[in-house]
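**Q** Below you'll find start.cif; it's mmCIF, C-alpha atoms and all ligand atoms.
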data_entry
loop_
_atom_site.group_PDB
_atom_site.id
_atom_site.type_symbol
_atom_site.label_atom_id
_atom_site.label_comp_id
_atom_site.auth_asym_id
_atom_site.auth_seq_id
_atom_site.Cartn_x
_atom_site.Cartn_y
_atom_site.Cartn_z
ATOM 1 C CA MET A 1 0.000 0.000 0.000
ATOM 2 C CA SER A 2 1.593 3.249 -1.050
ATOM 3 C CA ARG A 3 0.669 6.404 0.786
ATOM 4 C CA THR A 4 1.737 9.808 -0.563
ATOM 5 C CA PRO A 5 4.098 11.224 2.061
ATOM 6 C CA LEU A 6 3.188 14.558 3.630
ATOM 7 C CA ILE A 7 5.809 16.893 5.030
ATOM 8 C CA ALA A 8 4.234 19.772 6.947
ATOM 9 C CA GLY A 9 5.940 22.729 8.584
ATOM 10 C CA ASN A 10 4.308 24.048 11.746
ATOM 11 C CA TRP A 11 5.657 27.569 12.145
ATOM 12 C CA LYS A 12 4.026 28.035 15.555
ATOM 13 C CA MET A 13 4.128 31.664 16.748
ATOM 14 C CA TYR A 14 6.944 32.731 14.443
ATOM 15 C CA LYS A 15 7.192 34.911 11.316
ATOM 16 C CA THR A 16 5.920 38.347 10.442
ATOM 17 C CA ILE A 17 4.333 38.696 7.013
ATOM 18 C CA PRO A 18 7.558 39.740 5.217
ATOM 19 C CA GLU A 19 9.431 36.882 6.921
ATOM 20 C CA ALA A 20 6.721 34.396 5.977
ATOM 21 C CA LEU A 21 6.793 35.497 2.350
ATOM 22 C CA ALA A 22 10.573 35.289 2.185
ATOM 23 C CA LEU A 23 10.440 31.737 3.542
ATOM 24 C CA VAL A 24 7.794 30.411 1.151
ATOM 25 C CA LYS A 25 9.490 32.052 -1.820
ATOM 26 C CA ALA A 26 12.667 30.227 -0.894
ATOM 27 C CA LEU A 27 10.787 26.894 -0.637
ATOM 28 C CA LEU A 28 8.852 27.050 -3.898
ATOM 29 C CA PRO A 29 11.697 26.263 -6.334
ATOM 30 C CA HIS A 30 12.546 23.107 -4.376
ATOM 31 C CA LEU A 31 9.187 21.380 -3.991
ATOM 32 C CA PRO A 32 9.470 17.623 -4.521
ATOM 33 C CA LYS A 33 7.203 15.961 -7.080
ATOM 34 C CA ASP A 34 6.094 12.712 -5.538
ATOM 35 C CA ARG A 35 5.091 13.973 -2.113
ATOM 36 C CA GLU A 36 2.927 16.646 -0.545
ATOM 37 C CA VAL A 37 4.355 19.618 1.294
ATOM 38 C CA ALA A 38 2.349 22.003 3.486
ATOM 39 C CA VAL A 39 3.152 25.004 5.640
ATOM 40 C CA ALA A 40 1.195 26.230 8.653
ATOM 41 C CA PRO A 41 1.998 29.921 9.164
ATOM 42 C CA PRO A 42 0.446 31.947 11.980
ATOM 43 C CA PHE A 43 -3.077 33.239 11.206
ATOM 44 C CA THR A 44 -1.801 36.730 10.437
ATOM 45 C CA ALA A 45 0.313 35.469 7.522
ATOM 46 C CA LEU A 46 -2.201 33.018 5.998
ATOM 47 C CA TYR A 47 -3.631 35.393 3.427
ATOM 48 C CA SER A 48 -0.268 36.659 2.193
ATOM 49 C CA VAL A 49 1.184 33.165 2.017
ATOM 50 C CA ALA A 50 -1.952 31.881 0.239
ATOM 51 C CA SER A 51 -1.601 34.598 -2.417
ATOM 52 C CA CYS A 52 2.074 33.816 -2.854
ATOM 53 C CA ILE A 53 1.635 30.029 -3.294
ATOM 54 C CA LYS A 54 -1.452 30.173 -5.513
ATOM 55 C CA GLY A 55 -1.039 27.844 -8.487
ATOM 56 C CA THR A 56 1.884 25.993 -6.899
ATOM 57 C CA ALA A 57 1.902 22.552 -5.292
ATOM 58 C CA LEU A 58 2.606 23.944 -1.820
ATOM 59 C CA LYS A 59 -0.385 23.440 0.499
ATOM 60 C CA LEU A 60 -1.604 25.740 3.228
ATOM 61 C CA ALA A 61 -2.457 24.615 6.756
ATOM 62 C CA ALA A 62 -3.705 26.404 9.858
ATOM 63 C CA GLN A 63 -2.418 25.712 13.367
ATOM 64 C CA ASN A 64 -5.762 25.787 15.169
ATOM 65 C CA VAL A 65 -9.451 26.516 14.650
ATOM 66 C CA PHE A 66 -12.666 27.096 16.559
ATOM 67 C CA TRP A 67 -15.610 24.752 15.958
ATOM 68 C CA GLU A 68 -18.409 27.200 15.187
ATOM 69 C CA ARG A 69 -18.910 28.459 11.643
ATOM 70 C CA GLU A 70 -19.551 32.052 12.742
ATOM 71 C CA GLY A 71 -20.916 33.930 15.742
ATOM 72 C CA ALA A 72 -20.100 36.082 18.727
ATOM 73 C CA TYR A 73 -16.822 34.367 19.676
ATOM 74 C CA THR A 74 -14.344 37.175 20.134
ATOM 75 C CA GLY A 75 -10.867 36.273 19.023
ATOM 76 C CA GLU A 76 -11.707 32.986 17.305
ATOM 77 C CA ILE A 77 -11.234 31.774 13.725
ATOM 78 C CA SER A 78 -13.722 29.413 12.080
ATOM 79 C CA PRO A 79 -13.284 26.566 9.584
ATOM 80 C CA LEU A 80 -15.226 28.669 7.070
ATOM 81 C CA MET A 81 -12.641 31.443 7.416
ATOM 82 C CA LEU A 82 -9.768 29.002 7.000
ATOM 83 C CA LYS A 83 -11.309 27.589 3.859
ATOM 84 C CA ASP A 84 -11.949 31.099 2.587
ATOM 85 C CA VAL A 85 -8.294 32.035 2.999
ATOM 86 C CA GLY A 86 -7.131 28.924 1.123
ATOM 87 C CA CYS A 87 -6.270 26.332 3.772
ATOM 88 C CA GLU A 88 -6.498 22.646 2.964
ATOM 89 C CA TYR A 89 -5.270 21.260 6.288
ATOM 90 C CA VAL A 90 -5.846 22.241 9.922
ATOM 91 C CA ILE A 91 -3.636 21.081 12.792
ATOM 92 C CA ILE A 92 -5.871 20.087 15.709
ATOM 93 C CA GLY A 93 -4.992 19.102 19.264
ATOM 94 C CA HIS A 94 -1.317 20.034 19.161
ATOM 95 C CA SER A 95 0.313 19.312 22.519
ATOM 96 C CA GLU A 96 1.085 23.009 23.001
ATOM 97 C CA ARG A 97 -2.637 23.752 22.724
ATOM 98 C CA ARG A 98 -3.368 20.953 25.184
ATOM 99 C CA GLN A 99 -0.680 22.208 27.562
ATOM 100 C CA TYR A 100 -1.252 25.971 27.481
ATOM 101 C CA PHE A 101 -4.777 26.519 26.167
ATOM 102 C CA GLY A 102 -6.928 23.867 27.771
ATOM 103 C CA GLU A 103 -7.443 21.744 24.672
ATOM 104 C CA VAL A 104 -9.000 18.380 25.580
ATOM 105 C CA ASP A 105 -10.250 15.431 23.558
ATOM 106 C CA LYS A 106 -13.813 16.740 23.696
ATOM 107 C CA THR A 107 -12.901 20.062 22.091
ATOM 108 C CA VAL A 108 -10.652 18.235 19.647
ATOM 109 C CA THR A 109 -13.645 16.175 18.458
ATOM 110 C CA LYS A 110 -15.748 19.288 17.933
ATOM 111 C CA LYS A 111 -12.954 20.854 15.912
ATOM 112 C CA VAL A 112 -12.384 17.712 13.838
ATOM 113 C CA ASN A 113 -16.086 17.512 12.980
ATOM 114 C CA SER A 114 -16.470 21.151 12.057
ATOM 115 C CA VAL A 115 -13.309 21.115 9.947
ATOM 116 C CA LEU A 116 -14.571 18.048 8.057
ATOM 117 C CA GLU A 117 -17.948 19.701 7.525
ATOM 118 C CA GLU A 118 -16.191 22.586 5.820
ATOM 119 C CA GLY A 119 -14.313 20.186 3.534
ATOM 120 C CA LEU A 120 -10.938 20.725 5.186
ATOM 121 C CA LYS A 121 -8.562 17.986 6.361
ATOM 122 C CA PRO A 122 -7.655 17.712 10.048
ATOM 123 C CA ILE A 123 -4.137 16.827 11.149
ATOM 124 C CA LEU A 124 -4.882 15.320 14.551
ATOM 125 C CA CYS A 125 -1.934 15.415 16.965
ATOM 126 C CA VAL A 126 -1.456 12.793 19.644
ATOM 127 C CA GLY A 127 1.495 12.047 21.900
ATOM 128 C CA GLU A 128 2.513 11.166 25.422
ATOM 129 C CA ARG A 129 4.463 13.228 27.950
ATOM 130 C CA LEU A 130 7.768 12.020 29.339
ATOM 131 C CA GLU A 131 6.361 10.858 32.667
ATOM 132 C CA GLU A 132 3.630 8.956 30.839
ATOM 133 C CA ARG A 133 6.205 7.162 28.686
ATOM 134 C CA GLU A 134 8.278 6.361 31.755
ATOM 135 C CA LYS A 135 5.231 4.873 33.442
ATOM 136 C CA GLY A 136 4.600 2.698 30.385
ATOM 137 C CA GLU A 137 1.392 4.542 29.490
ATOM 138 C CA THR A 138 2.262 5.577 25.939
ATOM 139 C CA PHE A 139 -0.223 3.278 24.148
ATOM 140 C CA GLU A 140 -2.996 4.072 26.587
ATOM 141 C CA ILE A 141 -2.518 7.834 26.172
ATOM 142 C CA VAL A 142 -2.369 7.846 22.376
ATOM 143 C CA LYS A 143 -5.382 5.529 22.214
ATOM 144 C CA LYS A 144 -7.384 7.871 24.416
ATOM 145 C CA GLN A 145 -6.370 10.873 22.314
ATOM 146 C CA LEU A 146 -7.018 9.159 18.985
ATOM 147 C CA ILE A 147 -10.319 7.475 19.754
ATOM 148 C CA GLY A 148 -11.438 10.292 22.064
ATOM 149 C CA GLY A 149 -10.481 12.933 19.503
ATOM 150 C CA LEU A 150 -12.010 11.303 16.438
ATOM 151 C CA GLY A 151 -15.235 10.154 18.079
ATOM 152 C CA ASN A 152 -17.449 8.365 15.576
ATOM 153 C CA ILE A 153 -16.438 10.245 12.464
ATOM 154 C CA GLN A 154 -17.276 8.683 9.124
ATOM 155 C CA GLU A 155 -14.766 10.522 6.956
ATOM 156 C CA ILE A 156 -11.693 8.821 8.346
ATOM 157 C CA GLN A 157 -10.030 8.946 4.929
ATOM 158 C CA LYS A 158 -9.722 12.756 5.247
ATOM 159 C CA ILE A 159 -7.804 12.529 8.530
ATOM 160 C CA VAL A 160 -4.057 12.758 8.945
ATOM 161 C CA ILE A 161 -2.661 11.617 12.294
ATOM 162 C CA ALA A 162 0.506 13.150 13.725
ATOM 163 C CA TYR A 163 2.318 11.289 16.481
ATOM 164 C CA GLU A 164 4.279 13.876 18.441
ATOM 165 C CA PRO A 165 5.779 12.595 21.680
ATOM 166 C CA VAL A 166 5.771 15.696 23.888
ATOM 167 C CA TRP A 167 9.243 14.915 25.248
ATOM 168 C CA ALA A 168 10.653 15.141 21.722
ATOM 169 C CA ILE A 169 9.121 18.527 20.800
ATOM 170 C CA GLY A 170 11.619 21.357 20.670
ATOM 171 C CA THR A 171 13.998 19.422 22.880
ATOM 172 C CA GLY A 172 16.384 18.090 20.273
ATOM 173 C CA LYS A 173 15.491 14.583 21.493
ATOM 174 C CA THR A 174 13.959 12.650 18.629
ATOM 175 C CA ALA A 175 12.148 9.408 19.198
ATOM 176 C CA SER A 176 14.300 6.713 17.641
ATOM 177 C CA PRO A 177 12.856 5.414 14.371
ATOM 178 C CA ALA A 178 12.028 2.157 16.187
ATOM 179 C CA GLN A 179 10.244 3.978 19.042
ATOM 180 C CA ALA A 180 8.222 6.032 16.565
ATOM 181 C CA GLN A 181 7.432 3.021 14.372
ATOM 182 C CA GLU A 182 6.125 1.085 17.360
ATOM 183 C CA VAL A 183 3.577 3.793 18.160
ATOM 184 C CA HIS A 184 2.687 4.429 14.500
ATOM 185 C CA LYS A 185 1.997 0.739 14.020
ATOM 186 C CA TYR A 186 -0.220 0.745 17.086
ATOM 187 C CA LEU A 187 -2.136 3.816 15.841
ATOM 188 C CA ARG A 188 -2.712 2.130 12.475
ATOM 189 C CA HIS A 189 -3.955 -0.944 14.298
ATOM 190 C CA LEU A 190 -6.433 1.213 16.256
ATOM 191 C CA VAL A 191 -7.726 2.704 13.010
ATOM 192 C CA GLU A 192 -8.110 -0.800 11.585
ATOM 193 C CA GLU A 193 -10.096 -1.963 14.610
ATOM 194 C CA LYS A 194 -12.554 0.891 14.375
ATOM 195 C CA TRP A 195 -12.634 1.907 10.695
ATOM 196 C CA GLY A 196 -11.490 -1.235 8.893
ATOM 197 C CA ARG A 197 -8.442 -2.504 7.094
ATOM 198 C CA GLU A 198 -8.704 -0.447 3.936
ATOM 199 C CA ASN A 199 -8.914 2.833 5.827
ATOM 200 C CA SER A 200 -6.059 1.844 8.094
ATOM 201 C CA GLU A 201 -3.851 1.140 5.111
ATOM 202 C CA LYS A 202 -4.663 4.481 3.515
ATOM 203 C CA ILE A 203 -4.422 6.781 6.527
ATOM 204 C CA ARG A 204 -1.235 8.825 6.822
ATOM 205 C CA ILE A 205 0.559 8.964 10.150
ATOM 206 C CA LEU A 206 3.182 11.700 10.465
ATOM 207 C CA TYR A 207 5.945 11.816 13.034
ATOM 208 C CA GLY A 208 6.745 15.089 14.814
ATOM 209 C CA GLY A 209 9.369 16.004 17.404
ATOM 210 C CA SER A 210 12.805 17.398 16.576
ATOM 211 C CA VAL A 211 12.710 16.272 12.955
ATOM 212 C CA LYS A 212 15.852 17.522 11.209
ATOM 213 C CA PRO A 213 17.683 16.930 7.935
ATOM 214 C CA GLU A 214 19.933 14.534 9.872
ATOM 215 C CA ASN A 215 17.158 12.190 11.034
ATOM 216 C CA ILE A 216 14.418 12.420 8.403
ATOM 217 C CA ASP A 217 15.867 9.714 6.132
ATOM 218 C CA GLU A 218 15.916 7.020 8.775
ATOM 219 C CA LEU A 219 12.491 7.995 10.124
ATOM 220 C CA MET A 220 10.966 7.791 6.645
ATOM 221 C CA GLN A 221 12.344 4.320 6.136
ATOM 222 C CA GLU A 222 9.972 2.965 8.765
ATOM 223 C CA GLU A 223 6.947 1.213 7.342
ATOM 224 C CA ASP A 224 4.283 3.155 9.211
ATOM 225 C CA ILE A 225 5.842 6.638 9.094
ATOM 226 C CA ASP A 226 4.212 8.535 6.236
ATOM 227 C CA GLY A 227 5.663 11.975 6.706
ATOM 228 C CA ALA A 228 6.651 14.562 9.249
ATOM 229 C CA LEU A 229 5.238 17.505 11.156
ATOM 230 C CA VAL A 230 8.227 19.772 11.566
ATOM 231 C CA GLY A 231 8.533 22.660 14.011
ATOM 232 C CA GLY A 232 11.872 24.416 14.499
ATOM 233 C CA ALA A 233 13.506 23.054 11.353
ATOM 234 C CA SER A 234 10.628 24.332 9.193
ATOM 235 C CA LEU A 235 11.467 27.951 10.037
ATOM 236 C CA LYS A 236 14.538 28.038 7.820
ATOM 237 C CA ALA A 237 14.371 27.339 4.102
ATOM 238 C CA GLU A 238 17.719 25.581 4.149
ATOM 239 C CA THR A 239 16.659 22.901 6.617
ATOM 240 C CA PHE A 240 13.048 22.523 5.474
ATOM 241 C CA VAL A 241 14.106 22.115 1.829
ATOM 242 C CA LYS A 242 16.402 19.292 2.905
ATOM 243 C CA ILE A 243 13.649 17.652 4.956
ATOM 244 C CA MET A 244 11.032 17.772 2.207
ATOM 245 C CA ASN A 245 13.574 16.359 -0.211
ATOM 246 C CA TYR A 246 14.617 13.566 2.144
ATOM 247 C CA GLY A 247 16.268 10.651 0.447
ATOM 248 C CA VAL A 248 17.228 12.871 -2.506
ATOM 249 C CA THR A 249 19.568 15.598 -1.313
HETATM 250 O O1 LIG B 301 5.639 20.465 17.576
HETATM 251 C C1 LIG B 301 6.203 20.136 16.553
HETATM 252 C C2 LIG B 301 5.514 20.184 15.251
HETATM 253 O O2 LIG B 301 4.148 20.378 15.401
HETATM 254 C C3 LIG B 301 7.612 19.697 16.575
HETATM 255 O O3 LIG B 301 8.405 20.758 16.914
HETATM 256 P P1 LIG B 301 10.006 20.639 16.778
HETATM 257 O O4 LIG B 301 10.257 20.075 15.381
HETATM 258 O O5 LIG B 301 10.517 22.008 16.957
HETATM 259 O O6 LIG B 301 10.444 19.658 17.823
#
Spit out the file's structure as structure tokens when you get a sec.
Ligand SMILES: O=C(CO)COP(=O)(O)O
**A**
Amino acid sequence: MSRTPLIAGNWKMYKTIPEALALVKALLPHLPKDREVAVAPPFTALYSVASCIKGTALKLAAQNVFWEREGAYTGEISPLMLKDVGCEYVIIGHSERRQYFGEVDKTVTKKVNSVLEEGLKPILCVGERLEEREKGETFEIVKKQLIGGLGNIQEIQKIVIAYEPVWAIGTGKTASPAQAQEVHKYLRHLVEEKWGRENSEKIRILYGGSVKPENIDELMQEEDIDGALVGGASLKAETFVKIMNYGVT
């Protein structure tokens, strides 16, 4: 079963508009052909980046969303607005949102559903904290986040899963390819149990957590790793170009 790899850059709370434009312009000449590449700029740069990448293969993602379509929700951004600005993907349930902004599986489900209703594709993040891994709870935690976050959705084929062990985010500590593969395989098995074999073979599971040009090749060799969600190394064209062209450059 071949799954088109997806390499996505999560810029987090970095980049002014001129900086965002400079970065995407530097990426565009180097886009690989046989894989998908997406960037998730901050909300303030979405429109400018969307205009700049129009007609190219580079995809646009958002880093968060609210679940209502419109209404009196001061400070929030809806799936309708993300679609309007040109997003295809939306990152949901990132560990930083869980840690600092009270994101829980219940709100993740609402976001996943409303994003699907708008025709956008959720990138659902799951991952255990260090103390949870040390207590041997990794599988239990990711199961709770995956099944709890997806609820009873029908459109499983539109979902991308990102396994991001919290202890590997921004720390320079990457999960070893074997550690990541073990969890990815388990996540695929959970999808098979609930949504069937065919869906489990098609669903893409990205790895995130200190992905760099130096470790992307070995991570991508694992059977159940279908791409990467890249933080720090997606902020510089030089490193992100190398990552998206893994195995080539
Ligand atoms: O959180 C991440 C991507 O969503 C990973 O961040 P780093 O690549 O900086 O560890």
**Q** What's the 9 Å shell around range 186-190 of chain A, counting all atoms listed in the file, without same-chain residues fewer than 5 positions away, as a PyMOL selection string?
**A** chain A and resi 139+142-143+146-147+161+163+181+195+197+200-201+203-205+224
**Q** Give me the residues within 8 Å of range 114-125 of chain A as a ChimeraX atom specification, counting all atoms listed in the file and dropping any in the same chain fewer than 2 places off.
**A** /A:67-69,79-80,83,87-95,110-112,127,146,149,155,158-164
**Q** For the structure shown, which residues end up in the PyMOL selection byres (((chain A and resi 57) around 9) and not hetatm)? Put them as a VMD selection string, please?
**A** chain A and resid 28 31 33 36 to 38 53 to 56 58 to 59
**Q** Any chance you can output those residues with C-alpha atoms as a JSON list (two decimals), keeping the file's coordinate frame?
**A**
[["chain", "number", "residue", "atom", "x", "y", "z"],
["A", 28, "LEU", "CA", 8.85, 27.05, -3.90],
["A", 31, "LEU", "CA", 9.19, 21.38, -3.99],
["A", 33, "LYS", "CA", 7.20, 15.96, -7.08],
["A", 36, "GLU", "CA", 2.93, 16.65, -0.55],
["A", 37, "VAL", "CA", 4.36, 19.62, 1.29],
["A", 38, "ALA", "CA", 2.35, 22.00, 3.49],
["A", 53, "ILE", "CA", 1.64, 30.03, -3.29],
["A", 54, "LYS", "CA", -1.45, 30.17, -5.51],
["A", 55, "GLY", "CA", -1.04, 27.84, -8.49],
["A", 56, "THR", "CA", 1.88, 25.99, -6.90],
["A", 58, "LEU", "CA", 2.61, 23.94, -1.82],
["A", 59, "LYS", "CA", -0.38, 23.44, 0.50]]
**Q** Would you give me, as CSV, each residue of chain A having an atom within 6 Å of an atom of ligand LIG 301 (chain B), along with its shortest atom pair and that distance in Å to one decimal, using only C-alpha atoms and all ligand atoms and sorting by chain and residue number?
**A**
residue,atom,partner,partner_atom,distance
A:Asn10,CA,B:LIG301,O2,5.2
A:Ala168,CA,B:LIG301,O6,6.0
A:Ile169,CA,B:LIG301,O6,3.4
A:Gly170,CA,B:LIG301,O6,3.5
A:Gly208,CA,B:LIG301,C3,5.0
A:Gly209,CA,B:LIG301,O6,3.8
A:Ser210,CA,B:LIG301,O6,3.5
A:Val211,CA,B:LIG301,O4,5.1
A:Leu229,CA,B:LIG301,C2,4.9
A:Val230,CA,B:LIG301,O4,4.3
A:Gly231,CA,B:LIG301,O4,3.4
A:Gly232,CA,B:LIG301,O5,3.7
A:Ala233,CA,B:LIG301,O4,6.0
**Q** May I ask which of the residues A:Arg133, A:Asp34, A:Phe43, A:Ala61 is the closest one to Gly75 in chain A, counting only C-alpha atoms?
**A** A:Phe43
**Q** Hey, what's within 10 Å of range 16-27 of chain A if we count all atoms listed in the file and toss same-chain stuff fewer than 6 positions away? As a VMD selection string, please?
**A** chain A and resid 37 39 41 to 42 44 to 53 58 234 to 238 240 to 241 244
**Q** Keeping C-alpha atoms for every residue in the selection just given, could you write it to a file as an mmCIF file, in the frame of the given file?
**A**
data_model
loop_
_atom_site.group_PDB
_atom_site.id
_atom_site.type_symbol
_atom_site.label_atom_id
_atom_site.label_comp_id
_atom_site.auth_asym_id
_atom_site.auth_seq_id
_atom_site.Cartn_x
_atom_site.Cartn_y
_atom_site.Cartn_z
ATOM 1 C CA VAL A 37 4.355 19.618 1.294
ATOM 2 C CA VAL A 39 3.152 25.004 5.640
ATOM 3 C CA PRO A 41 1.998 29.921 9.164
ATOM 4 C CA PRO A 42 0.446 31.947 11.980
ATOM 5 C CA THR A 44 -1.801 36.730 10.437
ATOM 6 C CA ALA A 45 0.313 35.469 7.522
ATOM 7 C CA LEU A 46 -2.201 33.018 5.998
ATOM 8 C CA TYR A 47 -3.631 35.393 3.427
ATOM 9 C CA SER A 48 -0.268 36.659 2.193
ATOM 10 C CA VAL A 49 1.184 33.165 2.017
ATOM 11 C CA ALA A 50 -1.952 31.881 0.239
ATOM 12 C CA SER A 51 -1.601 34.598 -2.417
ATOM 13 C CA CYS A 52 2.074 33.816 -2.854
ATOM 14 C CA ILE A 53 1.635 30.029 -3.294
ATOM 15 C CA LEU A 58 2.606 23.944 -1.820
ATOM 16 C CA SER A 234 10.628 24.332 9.193
ATOM 17 C CA LEU A 235 11.467 27.951 10.037
ATOM 18 C CA LYS A 236 14.538 28.038 7.820
ATOM 19 C CA ALA A 237 14.371 27.339 4.102
ATOM 20 C CA GLU A 238 17.719 25.581 4.149
ATOM 21 C CA PHE A 240 13.048 22.523 5.474
ATOM 22 C CA VAL A 241 14.106 22.115 1.829
ATOM 23 C CA MET A 244 11.032 17.772 2.207
#
